Amino acid sequence: MTKGKPKRKIKDSVFTDLFRDRRYLLQLYKALHPEDGDATEDAISDITLQSVLVDAEYNDLGFLFGDRLIVLVESQSTWSVNIVVRALLYLAQTYHDYLKRTGQYLYGSGKVDMPRPELYVIYTGDKEDIPDRISLRMEFFAGEEAAVDAEIRVLRQPEEDNIIGQYIIFCKVYNEQMRKHGRTRKAVTETLRICRDRNVLKDYLESRKQEVEDIMMTLFDEDYIFESYVKDVERRTEEKAIKETTEKTAREVAIRMLRNGEPPEKIAQYVPELSAEDIRCLAAELMQPV
């Protein structure tokens, strides 16, 4: 049986698949706004799942809930303050799409209607000293007044009593299993088993068992192709460097032997990288006036 490898962006795929379901999206909203206990799925008037990045990674989530525009960005296991820039770009693109979709004329005299934004990042890594909030002004402009600012709340607590915390636990379990079993099917199946046993995303994982495993596993996906391409480029670059070094060394040896009066035919026996004709051309070059 052919064994596949899990996608390197595994958590992103589960992230978007999970919250594509309005039931879980409502749970996400209530985790962010526990004070809004009467919220229902009907209040989710629009869902946007798209990327505004050139690598087309679908790991950003935006949706309208009443008068709120909620944007979540996942930083996966690597932390970078650049995440606030990414959230800002996503927000700008989402506003652009929203105004176009609602038929509002941005260049008219009337004020357009814009939902109030909330920006969040879900951090699933192990770094401890992560701030609860980061802002564009503080991180990039030394806290000085700027024409544009954005503040993003960092969600990173692995709590089992809400869906955000459960998703973070799911990611941490997968990270542990991947360290133990590598990028293998075993890491995937163990992640699913452990999470179901711990009642982490249990309903989702049981109702979409095969779909989730299919999301997490792949034989020849874009990551595999990209990895193969990178390895091929590295191999060819290394081979080229070795060839250039070998040719340079051969040329230096041939020059020394020519200066010692050795004939091209004899030099070619000791320097197989160069033919007798190559060495004769090199000798002619040496005779040229400087």
# chains A, B, ... in the order shown; residues from 1 in each chain; ligands from 1
>>> select_by_dssp(residues="stretch 11-213 of chain A", states="strand (DSSP E or B)", output="PyMOL selection string")
chain A and resi 44-48+60-65+68-76+116-123+133-135+151-155
>>> closest_atom_pairs(of="stretch 147-226 of chain A", to="stretch 82-100 of chain A", cutoff="9 Å", atoms="only C-alpha atoms", output="JSON lines")
{"residue": "A:Asp149", "atom": "CA", "partner": "A:Leu88", "partner_atom": "CA", "distance": 8.7}
{"residue": "A:Ala150", "atom": "CA", "partner": "A:Leu88", "partner_atom": "CA", "distance": 6.6}
{"residue": "A:Glu151", "atom": "CA", "partner": "A:Val84", "partner_atom": "CA", "distance": 7.3}
{"residue": "A:Ile152", "atom": "CA", "partner": "A:Val84", "partner_atom": "CA", "distance": 6.4}
>>> write_last_selection(atoms="N, CA and C atoms", output="short mmCIF file (atom, residue, chain, number, x, y, z; two decimals), in the first residue's frame")
data_model
loop_
_atom_site.label_atom_id
_atom_site.label_comp_id
_atom_site.auth_asym_id
_atom_site.auth_seq_id
_atom_site.Cartn_x
_atom_site.Cartn_y
_atom_site.Cartn_z
N ASP A 149 -3.52 52.37 12.00
CA ASP A 149 -3.18 51.48 13.10
C ASP A 149 -4.14 50.29 13.06
N ALA A 150 -3.73 49.20 13.65
CA ALA A 150 -4.58 48.03 13.79
C ALA A 150 -4.12 47.29 15.03
N GLU A 151 -5.08 46.80 15.80
CA GLU A 151 -4.75 46.03 17.00
C GLU A 151 -5.35 44.65 16.88
N ILE A 152 -4.57 43.66 17.23
CA ILE A 152 -5.01 42.29 17.08
C ILE A 152 -4.88 41.56 18.42
#
>>> residues_around(residues="A:Ser77", least_positions_apart="6", cutoff="8 Å", atoms="only C-alpha atoms", output="compact mmCIF listing (two decimals) with N, CA and C atoms, in the first residue's frame")
# COMPACT_ATOMS: atom_id res chain seq x y z
N TYR A 123 -2.80 31.48 17.92
CA TYR A 123 -1.42 31.00 17.97
C TYR A 123 -1.40 29.58 18.53
N THR A 124 -0.81 28.66 17.80
CA THR A 124 -0.84 27.24 18.19
C THR A 124 0.54 26.68 18.54
N GLY A 125 1.52 27.55 18.70
CA GLY A 125 2.86 27.07 19.00
C GLY A 125 3.14 26.98 20.49
N ASP A 126 4.42 26.78 20.84
CA ASP A 126 4.82 26.56 22.23
C ASP A 126 5.55 27.74 22.86
>>> atom_distance(atom1="atom CA of A:His181", atom2="atom CA of A:Leu205")
20.6 Å
>>> residues_around(residues="stretch 22-27 of chain A", least_positions_apart="3", cutoff="7 Å", atoms="only C-alpha atoms", output="ChimeraX atom specification")
/A:18-19,30-31,40-41,163
>>> select_by_dssp(residues="stretch 58-210 of chain A", states="alpha helix (DSSP H)", output="ChimeraX atom specification")
/A:83-101,136-140,163-181,185-197,202-207,209-210
>>> write_last_selection(atoms="C-alpha atoms", output="PDB file, in the first residue's frame")
ATOM      1  CA  ILE A  83       0.782  38.748  11.584  1.00  0.00           C
ATOM      2  CA  VAL A  84      -0.756  42.153  12.352  1.00  0.00           C
ATOM      3  CA  VAL A  85       0.172  43.333   8.846  1.00  0.00           C
ATOM      4  CA  ARG A  86      -1.407  40.233   7.381  1.00  0.00           C
ATOM      5  CA  ALA A  87      -4.594  40.841   9.360  1.00  0.00           C
ATOM      6  CA  LEU A  88      -4.669  44.461   8.183  1.00  0.00           C
ATOM      7  CA  LEU A  89      -4.334  43.420   4.545  1.00  0.00           C
ATOM      8  CA  TYR A  90      -7.070  40.842   4.979  1.00  0.00           C
ATOM      9  CA  LEU A  91      -9.310  43.436   6.605  1.00  0.00           C
ATOM     10  CA  ALA A  92      -8.738  45.957   3.812  1.00  0.00           C
ATOM     11  CA  GLN A  93      -9.527  43.367   1.142  1.00  0.00           C
ATOM     12  CA  THR A  94     -12.616  42.226   3.039  1.00  0.00           C
ATOM     13  CA  TYR A  95     -13.897  45.797   3.334  1.00  0.00           C
ATOM     14  CA  HIS A  96     -13.293  46.274  -0.389  1.00  0.00           C
ATOM     15  CA  ASP A  97     -15.294  43.149  -1.202  1.00  0.00           C
ATOM     16  CA  TYR A  98     -18.024  44.109   1.274  1.00  0.00           C
ATOM     17  CA  LEU A  99     -18.548  47.591  -0.190  1.00  0.00           C
ATOM     18  CA  LYS A 100     -18.623  46.179  -3.701  1.00  0.00           C
ATOM     19  CA  ARG A 101     -21.013  43.380  -2.748  1.00  0.00           C
ATOM     20  CA  LEU A 136       0.714  48.001  14.139  1.00  0.00           C
ATOM     21  CA  ARG A 137       1.610  51.336  15.756  1.00  0.00           C
ATOM     22  CA  MET A 138       3.532  49.812  18.651  1.00  0.00           C
ATOM     23  CA  GLU A 139       5.338  47.093  16.704  1.00  0.00           C
ATOM     24  CA  PHE A 140       6.255  48.991  13.551  1.00  0.00           C
ATOM     25  CA  ILE A 163     -13.962  25.552  20.475  1.00  0.00           C
ATOM     26  CA  ILE A 164     -11.005  27.906  20.064  1.00  0.00           C
ATOM     27  CA  GLY A 165      -9.165  26.266  22.950  1.00  0.00           C
ATOM     28  CA  GLN A 166     -10.042  22.828  21.599  1.00  0.00           C
ATOM     29  CA  TYR A 167      -8.669  23.741  18.197  1.00  0.00           C
ATOM     30  CA  ILE A 168      -5.408  24.862  19.839  1.00  0.00           C
ATOM     31  CA  ILE A 169      -5.259  21.551  21.732  1.00  0.00           C
ATOM     32  CA  PHE A 170      -5.818  19.686  18.453  1.00  0.00           C
ATOM     33  CA  CYS A 171      -2.836  21.512  16.928  1.00  0.00           C
ATOM     34  CA  LYS A 172      -0.609  20.835  19.927  1.00  0.00           C
ATOM     35  CA  VAL A 173      -1.536  17.138  19.898  1.00  0.00           C
ATOM     36  CA  TYR A 174      -0.660  16.950  16.208  1.00  0.00           C
ATOM     37  CA  ASN A 175       2.666  18.706  16.830  1.00  0.00           C
ATOM     38  CA  GLU A 176       3.493  16.146  19.536  1.00  0.00           C
ATOM     39  CA  GLN A 177       2.532  13.212  17.328  1.00  0.00           C
ATOM     40  CA  MET A 178       4.488  14.584  14.394  1.00  0.00           C
ATOM     41  CA  ARG A 179       7.590  14.891  16.583  1.00  0.00           C
ATOM     42  CA  LYS A 180       7.065  11.288  17.637  1.00  0.00           C
ATOM     43  CA  HIS A 181       6.100   9.687  14.303  1.00  0.00           C
ATOM     44  CA  ARG A 185      -0.225   8.559   8.546  1.00  0.00           C
ATOM     45  CA  LYS A 186       0.496   7.297  12.058  1.00  0.00           C
ATOM     46  CA  ALA A 187       0.837  10.887  13.291  1.00  0.00           C
ATOM     47  CA  VAL A 188      -2.548  11.722  11.746  1.00  0.00           C
ATOM     48  CA  THR A 189      -4.459   8.710  13.048  1.00  0.00           C
ATOM     49  CA  GLU A 190      -2.987   9.091  16.526  1.00  0.00           C
ATOM     50  CA  THR A 191      -3.934  12.778  16.561  1.00  0.00           C
ATOM     51  CA  LEU A 192      -7.527  11.935  15.669  1.00  0.00           C
ATOM     52  CA  ARG A 193      -7.706   9.117  18.224  1.00  0.00           C
ATOM     53  CA  ILE A 194      -6.245  11.156  21.081  1.00  0.00           C
ATOM     54  CA  CYS A 195      -8.490  14.135  20.403  1.00  0.00           C
ATOM     55  CA  ARG A 196     -11.616  11.993  20.219  1.00  0.00           C
ATOM     56  CA  ASP A 197     -10.650  10.233  23.459  1.00  0.00           C
ATOM     57  CA  LYS A 202     -15.119  15.171  19.105  1.00  0.00           C
ATOM     58  CA  ASP A 203     -18.392  15.903  17.271  1.00  0.00           C
ATOM     59  CA  TYR A 204     -16.549  17.409  14.339  1.00  0.00           C
ATOM     60  CA  LEU A 205     -13.942  14.633  14.135  1.00  0.00           C
ATOM     61  CA  GLU A 206     -16.541  11.847  14.401  1.00  0.00           C
ATOM     62  CA  SER A 207     -19.049  13.360  11.962  1.00  0.00           C
ATOM     63  CA  LYS A 209     -13.897  11.322  10.154  1.00  0.00           C
ATOM     64  CA  GLN A 210     -12.976  10.369   6.591  1.00  0.00           C
TER      65      GLN A 210
END
>>> residues_around(residues="A:Ala254", least_positions_apart="5", cutoff="8 Å", atoms="only C-alpha atoms", output="list in words")
Ile267, Val271 and Ile279 of chain A
>>> closest_residue(among="A:Lys266, A:Arg256, A:Arg236, A:Arg68", to="A:Pro115", atoms="only C-alpha atoms")
A:Arg68
>>> atom_distance(atom1="atom CA of A:Leu201", atom2="atom CA of A:Pro158")
12.4 Å
>>> atom_distance(atom1="atom CA of A:Ile130", atom2="atom CA of A:Val81")
10.0 Å
>>> residues_around(residues="A:Leu155", least_positions_apart="6", cutoff="7 Å", atoms="only C-alpha atoms", output="JSON, numbers by chain")
{"A": [120, 121, 122, 123]}
>>> write_last_selection(atoms="C-alpha atoms", output="tab-separated table (two decimals), in the first residue's frame")
chain	number	residue	atom	x	y	z
A	120	TYR	CA	-7.76	38.03	16.24
A	121	VAL	CA	-4.85	35.66	15.73
A	122	ILE	CA	-4.89	32.04	16.84
A	123	TYR	CA	-1.42	31.00	17.97
>>> decode(residues="stretch 142-240 of chain A", atoms="C-alpha atoms", output="PDB file, in the first residue's frame")
ATOM      1  CA  ALA A 142       7.686  52.677  17.940  1.00  0.00           C
ATOM      2  CA  GLY A 143       4.364  53.727  19.429  1.00  0.00           C
ATOM      3  CA  GLU A 144       4.351  57.035  17.595  1.00  0.00           C
ATOM      4  CA  GLU A 145       1.190  58.423  16.086  1.00  0.00           C
ATOM      5  CA  ALA A 146       0.541  57.015  12.619  1.00  0.00           C
ATOM      6  CA  ALA A 147      -2.098  57.502   9.969  1.00  0.00           C
ATOM      7  CA  VAL A 148      -3.006  53.808  10.135  1.00  0.00           C
ATOM      8  CA  ASP A 149      -3.182  51.476  13.100  1.00  0.00           C
ATOM      9  CA  ALA A 150      -4.577  48.025  13.786  1.00  0.00           C
ATOM     10  CA  GLU A 151      -4.750  46.031  17.001  1.00  0.00           C
ATOM     11  CA  ILE A 152      -5.007  42.286  17.077  1.00  0.00           C
ATOM     12  CA  ARG A 153      -5.928  40.075  20.032  1.00  0.00           C
ATOM     13  CA  VAL A 154      -3.877  36.902  20.445  1.00  0.00           C
ATOM     14  CA  LEU A 155      -5.783  33.696  21.280  1.00  0.00           C
ATOM     15  CA  ARG A 156      -3.426  31.036  22.616  1.00  0.00           C
ATOM     16  CA  GLN A 157      -4.931  29.299  25.654  1.00  0.00           C
ATOM     17  CA  PRO A 158      -5.584  25.544  25.156  1.00  0.00           C
ATOM     18  CA  GLU A 159      -8.898  25.455  27.052  1.00  0.00           C
ATOM     19  CA  GLU A 160     -11.255  22.509  26.620  1.00  0.00           C
ATOM     20  CA  ASP A 161     -14.431  24.463  27.394  1.00  0.00           C
ATOM     21  CA  ASN A 162     -14.576  26.379  24.109  1.00  0.00           C
ATOM     22  CA  ILE A 163     -13.962  25.552  20.475  1.00  0.00           C
ATOM     23  CA  ILE A 164     -11.005  27.906  20.064  1.00  0.00           C
ATOM     24  CA  GLY A 165      -9.165  26.266  22.950  1.00  0.00           C
ATOM     25  CA  GLN A 166     -10.042  22.828  21.599  1.00  0.00           C
ATOM     26  CA  TYR A 167      -8.669  23.741  18.197  1.00  0.00           C
ATOM     27  CA  ILE A 168      -5.408  24.862  19.839  1.00  0.00           C
ATOM     28  CA  ILE A 169      -5.259  21.551  21.732  1.00  0.00           C
ATOM     29  CA  PHE A 170      -5.818  19.686  18.453  1.00  0.00           C
ATOM     30  CA  CYS A 171      -2.836  21.512  16.928  1.00  0.00           C
ATOM     31  CA  LYS A 172      -0.609  20.835  19.927  1.00  0.00           C
ATOM     32  CA  VAL A 173      -1.536  17.138  19.898  1.00  0.00           C
ATOM     33  CA  TYR A 174      -0.660  16.950  16.208  1.00  0.00           C
ATOM     34  CA  ASN A 175       2.666  18.706  16.830  1.00  0.00           C
ATOM     35  CA  GLU A 176       3.493  16.146  19.536  1.00  0.00           C
ATOM     36  CA  GLN A 177       2.532  13.212  17.328  1.00  0.00           C
ATOM     37  CA  MET A 178       4.488  14.584  14.394  1.00  0.00           C
ATOM     38  CA  ARG A 179       7.590  14.891  16.583  1.00  0.00           C
ATOM     39  CA  LYS A 180       7.065  11.288  17.637  1.00  0.00           C
ATOM     40  CA  HIS A 181       6.100   9.687  14.303  1.00  0.00           C
ATOM     41  CA  GLY A 182       7.246  12.193  11.672  1.00  0.00           C
ATOM     42  CA  ARG A 183       5.098  13.315   8.771  1.00  0.00           C
ATOM     43  CA  THR A 184       3.282   9.983   8.526  1.00  0.00           C
ATOM     44  CA  ARG A 185      -0.225   8.559   8.546  1.00  0.00           C
ATOM     45  CA  LYS A 186       0.496   7.297  12.058  1.00  0.00           C
ATOM     46  CA  ALA A 187       0.837  10.887  13.291  1.00  0.00           C
ATOM     47  CA  VAL A 188      -2.548  11.722  11.746  1.00  0.00           C
ATOM     48  CA  THR A 189      -4.459   8.710  13.048  1.00  0.00           C
ATOM     49  CA  GLU A 190      -2.987   9.091  16.526  1.00  0.00           C
ATOM     50  CA  THR A 191      -3.934  12.778  16.561  1.00  0.00           C
ATOM     51  CA  LEU A 192      -7.527  11.935  15.669  1.00  0.00           C
ATOM     52  CA  ARG A 193      -7.706   9.117  18.224  1.00  0.00           C
ATOM     53  CA  ILE A 194      -6.245  11.156  21.081  1.00  0.00           C
ATOM     54  CA  CYS A 195      -8.490  14.135  20.403  1.00  0.00           C
ATOM     55  CA  ARG A 196     -11.616  11.993  20.219  1.00  0.00           C
ATOM     56  CA  ASP A 197     -10.650  10.233  23.459  1.00  0.00           C
ATOM     57  CA  ARG A 198     -10.103  13.612  25.144  1.00  0.00           C
ATOM     58  CA  ASN A 199     -13.405  14.937  23.785  1.00  0.00           C
ATOM     59  CA  VAL A 200     -11.517  17.575  21.794  1.00  0.00           C
ATOM     60  CA  LEU A 201     -13.488  18.578  18.672  1.00  0.00           C
ATOM     61  CA  LYS A 202     -15.119  15.171  19.105  1.00  0.00           C
ATOM     62  CA  ASP A 203     -18.392  15.903  17.271  1.00  0.00           C
ATOM     63  CA  TYR A 204     -16.549  17.409  14.339  1.00  0.00           C
ATOM     64  CA  LEU A 205     -13.942  14.633  14.135  1.00  0.00           C
ATOM     65  CA  GLU A 206     -16.541  11.847  14.401  1.00  0.00           C
ATOM     66  CA  SER A 207     -19.049  13.360  11.962  1.00  0.00           C
ATOM     67  CA  ARG A 208     -16.379  14.064   9.343  1.00  0.00           C
ATOM     68  CA  LYS A 209     -13.897  11.322  10.154  1.00  0.00           C
ATOM     69  CA  GLN A 210     -12.976  10.369   6.591  1.00  0.00           C
ATOM     70  CA  GLU A 211     -13.088  13.931   5.289  1.00  0.00           C
ATOM     71  CA  VAL A 212     -10.764  15.138   8.043  1.00  0.00           C
ATOM     72  CA  GLU A 213      -8.303  12.329   7.403  1.00  0.00           C
ATOM     73  CA  ASP A 214      -8.428  13.081   3.674  1.00  0.00           C
ATOM     74  CA  ILE A 215      -7.716  16.736   4.407  1.00  0.00           C
ATOM     75  CA  MET A 216      -4.739  15.808   6.538  1.00  0.00           C
ATOM     76  CA  MET A 217      -3.262  13.222   4.200  1.00  0.00           C
ATOM     77  CA  THR A 218      -2.028  13.525   0.660  1.00  0.00           C
ATOM     78  CA  LEU A 219       0.318  11.688  -1.701  1.00  0.00           C
ATOM     79  CA  PHE A 220       1.438  14.257  -4.215  1.00  0.00           C
ATOM     80  CA  ASP A 221       0.225  17.623  -2.975  1.00  0.00           C
ATOM     81  CA  GLU A 222       1.602  21.085  -3.635  1.00  0.00           C
ATOM     82  CA  ASP A 223       3.963  20.849  -0.674  1.00  0.00           C
ATOM     83  CA  TYR A 224       5.458  17.607  -1.972  1.00  0.00           C
ATOM     84  CA  ILE A 225       5.911  19.093  -5.436  1.00  0.00           C
ATOM     85  CA  PHE A 226       7.454  22.242  -3.991  1.00  0.00           C
ATOM     86  CA  GLU A 227       9.780  20.275  -1.748  1.00  0.00           C
ATOM     87  CA  SER A 228      10.867  18.159  -4.712  1.00  0.00           C
ATOM     88  CA  TYR A 229      11.481  21.303  -6.766  1.00  0.00           C
ATOM     89  CA  VAL A 230      13.548  22.901  -3.989  1.00  0.00           C
ATOM     90  CA  LYS A 231      15.604  19.739  -3.551  1.00  0.00           C
ATOM     91  CA  ASP A 232      16.189  19.540  -7.309  1.00  0.00           C
ATOM     92  CA  VAL A 233      17.305  23.181  -7.429  1.00  0.00           C
ATOM     93  CA  GLU A 234      19.626  22.600  -4.463  1.00  0.00           C
ATOM     94  CA  ARG A 235      21.048  19.468  -6.109  1.00  0.00           C
ATOM     95  CA  ARG A 236      21.659  21.239  -9.418  1.00  0.00           C
ATOM     96  CA  THR A 237      23.163  24.257  -7.656  1.00  0.00           C
ATOM     97  CA  GLU A 238      25.504  22.001  -5.690  1.00  0.00           C
ATOM     98  CA  GLU A 239      26.501  20.085  -8.825  1.00  0.00           C
ATOM     99  CA  LYS A 240      27.162  23.342 -10.653  1.00  0.00           C
TER     100      LYS A 240
END
